[in-house]
Amino acid sequence: MLTETLMAKPPFSLEGYKASDAEQGRPYDEGETNKAWENFLTFGDLRRENAPVRSVIEDSWQRSVKSGVDARGKGSHLLASPDDLYELRLKNDDLLGSSAETFRRIAEVLGDAATMVVITDGNGVVLEVGGDRRTIDAGHDIRLEAGAAWGEAVTGTNGIGTALVTGKPVHVHAAEHFSEGIKAWTCVGSPIRSPIDGSIIGIVDFSGPQAIFHRHNVALAVVAAHHIELALSEKIRIERMRLLEASISRMPGMNSADGVVILDRFGRVVHHNDMASVRWHRIAQSQDLSIGRQLLPNDKGFLAKDLAKGLPEELREQRIEPLVVDGVVKGAMLVLAAKPRASLARSQMSPAARTALVSAREAIVGCSDALLQTIEKIERAALGRTAILLEGETGVGKELFARLVHAASQNTGKEPFIAFNCGAVSKELLGGELFGHAPGAYTGATREGRPGRFEFANGGVLSLDEIGEMPMELQPYLLRVLEERAVYRLGDSKARPVDVRLVASTNRNLKQEVAEGRFRKDLYFRIGVVKFTIPPLRERLGDVEILIDHFNRQFAETYSTQPLHFEAATMELLRRYSWPGNVRELRNLVENLVLMTITGIVAPRDLPEDFVEMASVQPSSVSVQAGHSSTGSEGDEIARFDEVERRTIERAVANAGGNIAAAAEKLGLSRATLYRKLHQYRSRT
């Protein structure tokens, strides 16, 4: 019956499986096998050329002795703690998910057949047990239970450990076990291999009293392992397809001669184009670019936040972007550029300076075309020495771009970076803070005098935020410093030469400020020789999801909690919102949700009421960029919201395979409400 049940699935292969001695006709004799085992323990060998012990068993006994396994032991002596077992199961989520159906069917068919089925990880640690309840209970006596280690170096010869070492299906019958305490058991183990690289990622094992042994049990274990591998292959195929779909949106900004490598959430190569192989051999000549090779470290199936830092040293200057699927980072795209970026052409940069540049890039989270083009242009401008003006709305992260200018313009990695907010101090103190002052130059000045921020930034970058807040009477001082490349402390006529790169930033329209007489025209033209507008979040298509994932994981780590899961309907609202406070507003929202969400799942009802109201009446950024006005009539706004809601519902139902209950749970709706909305939208078509 078990054979028929398993054979109902697609065909399988027994490649690599060789019939054992017992299956070739040599009878198993328990008494003779026990004598051979005693001789082996006493003399270190079998003492008889025709001893009734298979070579696979004798070799395993030899390894067990070398590993120091206790021959009088009673099973596993290593048991993972509940927390460690939870981590192991999380790490092997793909294996457990892919084996669930096969495991369930086997356990169901075994019924009360005095047999238990076991799934282990690639080290032989038991992850799941099922089958006959009495046999499972008996397994506790030898620690054949979830969390127990059954590698050969721990428990000696057994179906799990020996299959791991040999890489082949194997059965171990009663007296063939090395440890005396498990000789009443028979076990059959078969390796489960990764469809990506062929490595062993687990073992499926049938265990029970020695009376359960049948010759076809090994074949059944092989069938079960192959069915699990088929399920894994299908899961990986779907994930690979979705990663490729996610990468397509990133292609327009690339050169046709660029090499592209797609990595999954475990940091493994799942696809690369032909140009990637060519570029790879020039960059990393020591190793081949092969499917399944791990390029990035991962933690429990999550890629690190700083992708570039995880790459091998020779690849860290290449472009790498996260790939988002359903609002979660599920992989990455590594671009091996045909031409190096302008900022990387500086061969005089020290290793410390290059590391600082990588860190500055990683601090700017996102991979939209608007963002990447801005980063590229700023890095190119950083090669010069002229002042740079950064304009942008509140919360877009202008200081991060100022730090990027600093990092991209360094040679040694030790050049100073001084940041100062012109709106953070009073008019009276601002001049002294920027330019320094002579002893007793004004009321409140120190007796000794002191240097200002320009002198502290000598040889590096001075970032002046809110430059539009600078009083008119101080603007000539700033212009003089920039023109003469020397600073005069307040109350002192001595010129002090300074070599400072100025990066000014503002959320005001300085051109308008000049027109209205609140900012000097000559200073505006001096600081705005090179000017950039940092794109607001609503124009950075695709970056909302990436930033949510980034801050979600960051705050989960800060507050020692698990990352939140965002429902599809919630993500749709977050994408639609215009984010007037930009990245800062999004960061604050995610931190609030991490602290306040109890269930760990963020539904639309968990968002602040005013947020939901604003998101519900705002057109999506896609509509705005497609040419739709953001100031349409109330009817147009409702129609647009209905369209977004309809797409969200249809996507959720499709992702749930048509299962209305599962889709409703995903959307945070009742089934009745979902049915009503489906009928409502379908009746309009």
# chains A, B, ... in the order shown; residues from 1 in each chain; ligands from 1
>>> residues_around(residues="Asn92 (chain A)", least_positions_apart="3", cutoff="10 Å", atoms="only C-alpha atoms", output="ChimeraX atom specification")
/A:86-89,95-97,120-122,127,201-202,300-301
>>> write_last_selection(atoms="all heavy atoms", output="compact mmCIF listing (two decimals), in the first residue's frame")
# COMPACT_ATOMS: atom_id res chain seq x y z
N TYR A 86 14.18 25.20 17.54
CA TYR A 86 13.37 26.18 16.81
C TYR A 86 14.20 26.84 15.71
O TYR A 86 13.74 27.00 14.57
CB TYR A 86 12.82 27.23 17.77
CG TYR A 86 12.12 28.38 17.09
CD1 TYR A 86 10.81 28.25 16.64
CD2 TYR A 86 12.78 29.60 16.89
CE1 TYR A 86 10.17 29.31 16.00
CE2 TYR A 86 12.15 30.65 16.25
CZ TYR A 86 10.85 30.50 15.81
OH TYR A 86 10.23 31.54 15.18
N GLU A 87 15.43 27.22 16.04
CA GLU A 87 16.31 27.84 15.07
C GLU A 87 16.64 26.88 13.93
O GLU A 87 16.68 27.27 12.75
CB GLU A 87 17.62 28.31 15.74
CG GLU A 87 17.43 29.40 16.78
CD GLU A 87 17.06 30.73 16.17
OE1 GLU A 87 17.28 30.90 14.96
OE2 GLU A 87 16.53 31.59 16.89
N LEU A 88 16.87 25.60 14.27
CA LEU A 88 17.18 24.60 13.25
C LEU A 88 16.00 24.40 12.31
O LEU A 88 16.16 24.28 11.09
CB LEU A 88 17.56 23.27 13.90
CG LEU A 88 18.99 23.13 14.42
CD1 LEU A 88 19.15 21.81 15.15
CD2 LEU A 88 19.99 23.22 13.27
N ARG A 89 14.81 24.33 12.88
CA ARG A 89 13.62 24.15 12.04
C ARG A 89 13.40 25.37 11.14
O ARG A 89 12.98 25.23 9.99
CB ARG A 89 12.40 23.89 12.92
CG ARG A 89 12.40 22.52 13.59
CD ARG A 89 11.19 22.34 14.51
NE ARG A 89 9.95 22.45 13.78
CZ ARG A 89 9.35 21.45 13.13
NH1 ARG A 89 9.90 20.25 13.14
NH2 ARG A 89 8.22 21.63 12.50
N LEU A 95 13.15 22.62 3.56
CA LEU A 95 13.16 21.16 3.61
C LEU A 95 11.90 20.64 4.27
O LEU A 95 11.23 19.73 3.76
CB LEU A 95 14.40 20.67 4.38
CG LEU A 95 14.45 19.17 4.71
CD1 LEU A 95 14.45 18.34 3.44
CD2 LEU A 95 15.68 18.86 5.57
N LEU A 96 11.54 21.21 5.41
CA LEU A 96 10.35 20.75 6.13
C LEU A 96 9.08 21.03 5.33
O LEU A 96 8.17 20.19 5.28
CB LEU A 96 10.27 21.42 7.50
CG LEU A 96 11.34 20.96 8.51
CD1 LEU A 96 11.28 21.82 9.77
CD2 LEU A 96 11.15 19.50 8.87
N GLY A 97 9.02 22.21 4.71
CA GLY A 97 7.85 22.53 3.91
C GLY A 97 7.69 21.61 2.72
O GLY A 97 6.58 21.17 2.39
N THR A 120 15.70 14.45 9.11
CA THR A 120 16.80 15.13 9.80
C THR A 120 17.35 16.24 8.92
O THR A 120 17.04 16.32 7.72
CB THR A 120 17.95 14.17 10.14
OG1 THR A 120 18.76 13.95 8.96
CG2 THR A 120 17.43 12.84 10.65
N ASP A 121 18.20 17.09 9.51
CA ASP A 121 18.90 18.09 8.70
C ASP A 121 20.17 17.49 8.12
O ASP A 121 20.41 16.28 8.25
CB ASP A 121 19.19 19.35 9.53
CG ASP A 121 20.25 19.13 10.60
OD1 ASP A 121 20.77 17.99 10.75
OD2 ASP A 121 20.57 20.10 11.31
N GLY A 122 20.99 18.30 7.51
CA GLY A 122 22.20 17.81 6.86
C GLY A 122 23.27 17.34 7.81
O GLY A 122 24.29 16.78 7.38
N LEU A 127 14.58 16.60 12.91
CA LEU A 127 13.70 17.77 12.84
C LEU A 127 12.24 17.41 13.02
O LEU A 127 11.46 18.20 13.55
CB LEU A 127 13.88 18.47 11.49
CG LEU A 127 15.27 18.98 11.14
CD1 LEU A 127 15.30 19.51 9.70
CD2 LEU A 127 15.73 20.07 12.11
N ILE A 201 21.14 17.64 2.17
CA ILE A 201 20.54 18.61 3.09
C ILE A 201 19.70 17.94 4.17
O ILE A 201 19.19 18.61 5.07
CB ILE A 201 19.66 19.63 2.33
CG1 ILE A 201 18.57 18.91 1.54
CG2 ILE A 201 20.52 20.48 1.42
CD1 ILE A 201 17.59 19.85 0.87
N GLY A 202 19.57 16.62 4.09
CA GLY A 202 18.79 15.92 5.11
C GLY A 202 18.72 14.43 4.82
O GLY A 202 19.26 13.94 3.82
N LYS A 300 19.21 32.50 8.95
CA LYS A 300 17.86 31.91 8.98
C LYS A 300 17.10 32.21 7.70
O LYS A 300 15.89 32.44 7.70
CB LYS A 300 17.06 32.44 10.18
CG LYS A 300 17.75 32.28 11.51
CD LYS A 300 17.08 33.13 12.57
CE LYS A 300 17.92 33.21 13.83
NZ LYS A 300 17.40 34.20 14.78
N GLY A 301 17.81 32.20 6.57
CA GLY A 301 17.13 32.43 5.31
C GLY A 301 16.93 33.89 4.98
O GLY A 301 16.22 34.22 4.03
>>> closest_residue(among="A:Ala51, A:Ala424, A:Leu490, A:Val261", to="Glu466 (chain A)", atoms="only C-alpha atoms")
A:Ala424
>>> atom_distance(atom1="CA of Met116 (chain A)", atom2="CA of Ile136 (chain A)")
6.1 Å
>>> atom_distance(atom1="CA of Leu315 (chain A)", atom2="CA of Glu376 (chain A)")
18.0 Å
>>> residues_around(residues="Glu393 (chain A)", least_positions_apart="5", cutoff="12 Å", atoms="only C-alpha atoms", output="ChimeraX atom specification")
/A:398,466,505-509,533-539,579-585
>>> residues_around(residues="Lys427 (chain A)", least_positions_apart="2", cutoff="8 Å", atoms="only C-alpha atoms", output="list in words")
Val425, Leu429, Leu430, Gly431, Met470 and Pro471 of chain A
>>> write_last_selection(atoms="C-alpha atoms", output="mmCIF file, in the first residue's frame")
data_model
loop_
_atom_site.group_PDB
_atom_site.id
_atom_site.type_symbol
_atom_site.label_atom_id
_atom_site.label_comp_id
_atom_site.auth_asym_id
_atom_site.auth_seq_id
_atom_site.Cartn_x
_atom_site.Cartn_y
_atom_site.Cartn_z
ATOM 1 C CA VAL A 425 21.555 77.575 16.942
ATOM 2 C CA LEU A 429 26.019 82.038 18.071
ATOM 3 C CA LEU A 430 25.945 80.801 14.488
ATOM 4 C CA GLY A 431 28.906 82.866 13.274
ATOM 5 C CA MET A 470 21.655 81.311 7.568
ATOM 6 C CA PRO A 471 21.073 85.015 8.438
#
>>> residues_around(residues="region 477-488 of chain A", least_positions_apart="5", cutoff="10 Å", atoms="only C-alpha atoms", output="number ranges by chain")
A: 386-387, 431, 434-438, 451-452, 454-455, 470, 472, 493-502, 520, 522-524, 526-527
>>> residues_around(residues="Ala654 (chain A)", least_positions_apart="5", cutoff="9 Å", atoms="only C-alpha atoms", output="JSON, numbers by chain")
{"A": [649, 659, 663]}
>>> decode(residues="region 390-404 of chain A", atoms="all heavy atoms", output="PDB file, in the first residue's frame")
ATOM      1  N   LEU A 390      22.635  70.208  -2.112  1.00  0.00           N
ATOM      2  CA  LEU A 390      21.649  69.130  -2.101  1.00  0.00           C
ATOM      3  C   LEU A 390      20.297  69.710  -1.703  1.00  0.00           C
ATOM      4  O   LEU A 390      20.147  70.252  -0.605  1.00  0.00           O
ATOM      5  CB  LEU A 390      22.053  68.039  -1.100  1.00  0.00           C
ATOM      6  CG  LEU A 390      23.418  67.376  -1.312  1.00  0.00           C
ATOM      7  CD1 LEU A 390      23.701  66.394  -0.185  1.00  0.00           C
ATOM      8  CD2 LEU A 390      23.486  66.679  -2.664  1.00  0.00           C
ATOM      9  N   GLU A 391      19.342  69.615  -2.605  1.00  0.00           N
ATOM     10  CA  GLU A 391      17.994  70.082  -2.320  1.00  0.00           C
ATOM     11  C   GLU A 391      17.069  68.874  -2.185  1.00  0.00           C
ATOM     12  O   GLU A 391      17.269  67.852  -2.845  1.00  0.00           O
ATOM     13  CB  GLU A 391      17.498  71.000  -3.439  1.00  0.00           C
ATOM     14  CG  GLU A 391      18.312  72.277  -3.555  1.00  0.00           C
ATOM     15  CD  GLU A 391      17.799  73.195  -4.648  1.00  0.00           C
ATOM     16  OE1 GLU A 391      17.445  72.678  -5.734  1.00  0.00           O
ATOM     17  OE2 GLU A 391      17.766  74.416  -4.426  1.00  0.00           O
ATOM     18  N   GLY A 392      16.071  69.011  -1.341  1.00  0.00           N
ATOM     19  CA  GLY A 392      15.145  67.901  -1.171  1.00  0.00           C
ATOM     20  C   GLY A 392      14.202  68.138  -0.018  1.00  0.00           C
ATOM     21  O   GLY A 392      14.480  68.941   0.884  1.00  0.00           O
ATOM     22  N   GLU A 393      13.085  67.421  -0.045  1.00  0.00           N
ATOM     23  CA  GLU A 393      12.080  67.572   0.992  1.00  0.00           C
ATOM     24  C   GLU A 393      12.590  67.079   2.342  1.00  0.00           C
ATOM     25  O   GLU A 393      13.582  66.338   2.418  1.00  0.00           O
ATOM     26  CB  GLU A 393      10.819  66.785   0.601  1.00  0.00           C
ATOM     27  CG  GLU A 393      10.169  67.276  -0.679  1.00  0.00           C
ATOM     28  CD  GLU A 393       9.004  66.394  -1.095  1.00  0.00           C
ATOM     29  OE1 GLU A 393       8.652  65.455  -0.339  1.00  0.00           O
ATOM     30  OE2 GLU A 393       8.446  66.632  -2.182  1.00  0.00           O
ATOM     31  N   THR A 394      11.901  67.453   3.383  1.00  0.00           N
ATOM     32  CA  THR A 394      12.232  66.984   4.724  1.00  0.00           C
ATOM     33  C   THR A 394      12.147  65.460   4.777  1.00  0.00           C
ATOM     34  O   THR A 394      11.198  64.866   4.276  1.00  0.00           O
ATOM     35  CB  THR A 394      11.243  67.576   5.747  1.00  0.00           C
ATOM     36  OG1 THR A 394      11.376  68.993   5.738  1.00  0.00           O
ATOM     37  CG2 THR A 394      11.518  67.041   7.144  1.00  0.00           C
ATOM     38  N   GLY A 395      13.171  64.852   5.370  1.00  0.00           N
ATOM     39  CA  GLY A 395      13.133  63.413   5.601  1.00  0.00           C
ATOM     40  C   GLY A 395      13.675  62.549   4.484  1.00  0.00           C
ATOM     41  O   GLY A 395      13.628  61.317   4.576  1.00  0.00           O
ATOM     42  N   VAL A 396      14.218  63.162   3.404  1.00  0.00           N
ATOM     43  CA  VAL A 396      14.729  62.326   2.306  1.00  0.00           C
ATOM     44  C   VAL A 396      16.124  61.766   2.603  1.00  0.00           C
ATOM     45  O   VAL A 396      16.616  60.902   1.881  1.00  0.00           O
ATOM     46  CB  VAL A 396      14.760  63.097   0.968  1.00  0.00           C
ATOM     47  CG1 VAL A 396      13.368  63.419   0.498  1.00  0.00           C
ATOM     48  CG2 VAL A 396      15.622  64.352   1.077  1.00  0.00           C
ATOM     49  N   GLY A 397      16.776  62.252   3.649  1.00  0.00           N
ATOM     50  CA  GLY A 397      18.088  61.724   4.018  1.00  0.00           C
ATOM     51  C   GLY A 397      19.247  62.474   3.395  1.00  0.00           C
ATOM     52  O   GLY A 397      20.227  61.860   2.956  1.00  0.00           O
ATOM     53  N   LYS A 398      19.154  63.791   3.375  1.00  0.00           N
ATOM     54  CA  LYS A 398      20.197  64.592   2.708  1.00  0.00           C
ATOM     55  C   LYS A 398      21.571  64.407   3.348  1.00  0.00           C
ATOM     56  O   LYS A 398      22.588  64.445   2.662  1.00  0.00           O
ATOM     57  CB  LYS A 398      19.788  66.068   2.703  1.00  0.00           C
ATOM     58  CG  LYS A 398      18.565  66.361   1.831  1.00  0.00           C
ATOM     59  CD  LYS A 398      18.237  67.831   1.746  1.00  0.00           C
ATOM     60  CE  LYS A 398      17.616  68.363   3.024  1.00  0.00           C
ATOM     61  NZ  LYS A 398      16.273  67.817   3.310  1.00  0.00           N
ATOM     62  N   GLU A 399      21.611  64.202   4.685  1.00  0.00           N
ATOM     63  CA  GLU A 399      22.924  64.024   5.322  1.00  0.00           C
ATOM     64  C   GLU A 399      23.610  62.747   4.841  1.00  0.00           C
ATOM     65  O   GLU A 399      24.836  62.693   4.730  1.00  0.00           O
ATOM     66  CB  GLU A 399      22.799  63.993   6.845  1.00  0.00           C
ATOM     67  CG  GLU A 399      24.180  63.903   7.517  1.00  0.00           C
ATOM     68  CD  GLU A 399      24.137  63.993   9.033  1.00  0.00           C
ATOM     69  OE1 GLU A 399      23.243  64.678   9.570  1.00  0.00           O
ATOM     70  OE2 GLU A 399      25.007  63.372   9.668  1.00  0.00           O
ATOM     71  N   LEU A 400      22.825  61.694   4.538  1.00  0.00           N
ATOM     72  CA  LEU A 400      23.418  60.456   4.018  1.00  0.00           C
ATOM     73  C   LEU A 400      24.113  60.713   2.686  1.00  0.00           C
ATOM     74  O   LEU A 400      25.178  60.144   2.400  1.00  0.00           O
ATOM     75  CB  LEU A 400      22.353  59.375   3.853  1.00  0.00           C
ATOM     76  CG  LEU A 400      21.695  58.859   5.138  1.00  0.00           C
ATOM     77  CD1 LEU A 400      20.636  57.820   4.804  1.00  0.00           C
ATOM     78  CD2 LEU A 400      22.741  58.259   6.078  1.00  0.00           C
ATOM     79  N   PHE A 401      23.526  61.587   1.862  1.00  0.00           N
ATOM     80  CA  PHE A 401      24.142  61.912   0.573  1.00  0.00           C
ATOM     81  C   PHE A 401      25.362  62.809   0.774  1.00  0.00           C
ATOM     82  O   PHE A 401      26.324  62.725   0.005  1.00  0.00           O
ATOM     83  CB  PHE A 401      23.116  62.565  -0.346  1.00  0.00           C
ATOM     84  CG  PHE A 401      22.064  61.605  -0.830  1.00  0.00           C
ATOM     85  CD1 PHE A 401      20.896  61.420  -0.112  1.00  0.00           C
ATOM     86  CD2 PHE A 401      22.266  60.866  -1.986  1.00  0.00           C
ATOM     87  CE1 PHE A 401      19.932  60.529  -0.545  1.00  0.00           C
ATOM     88  CE2 PHE A 401      21.308  59.964  -2.428  1.00  0.00           C
ATOM     89  CZ  PHE A 401      20.131  59.793  -1.702  1.00  0.00           C
ATOM     90  N   ALA A 402      25.327  63.660   1.793  1.00  0.00           N
ATOM     91  CA  ALA A 402      26.512  64.461   2.113  1.00  0.00           C
ATOM     92  C   ALA A 402      27.656  63.543   2.542  1.00  0.00           C
ATOM     93  O   ALA A 402      28.816  63.751   2.161  1.00  0.00           O
ATOM     94  CB  ALA A 402      26.181  65.460   3.222  1.00  0.00           C
ATOM     95  N   ARG A 403      27.328  62.523   3.308  1.00  0.00           N
ATOM     96  CA  ARG A 403      28.354  61.552   3.725  1.00  0.00           C
ATOM     97  C   ARG A 403      28.872  60.751   2.526  1.00  0.00           C
ATOM     98  O   ARG A 403      30.030  60.343   2.490  1.00  0.00           O
ATOM     99  CB  ARG A 403      27.796  60.622   4.791  1.00  0.00           C
ATOM    100  CG  ARG A 403      27.567  61.317   6.140  1.00  0.00           C
ATOM    101  CD  ARG A 403      27.119  60.351   7.216  1.00  0.00           C
ATOM    102  NE  ARG A 403      26.934  61.035   8.488  1.00  0.00           N
ATOM    103  CZ  ARG A 403      27.909  61.285   9.365  1.00  0.00           C
ATOM    104  NH1 ARG A 403      29.155  60.888   9.089  1.00  0.00           N
ATOM    105  NH2 ARG A 403      27.671  61.918  10.487  1.00  0.00           N
ATOM    106  N   LEU A 404      27.998  60.521   1.545  1.00  0.00           N
ATOM    107  CA  LEU A 404      28.441  59.836   0.332  1.00  0.00           C
ATOM    108  C   LEU A 404      29.457  60.686  -0.426  1.00  0.00           C
ATOM    109  O   LEU A 404      30.457  60.163  -0.937  1.00  0.00           O
ATOM    110  CB  LEU A 404      27.228  59.533  -0.556  1.00  0.00           C
ATOM    111  CG  LEU A 404      27.530  58.836  -1.886  1.00  0.00           C
ATOM    112  CD1 LEU A 404      28.138  57.457  -1.649  1.00  0.00           C
ATOM    113  CD2 LEU A 404      26.267  58.722  -2.732  1.00  0.00           C
TER     114      LEU A 404
END
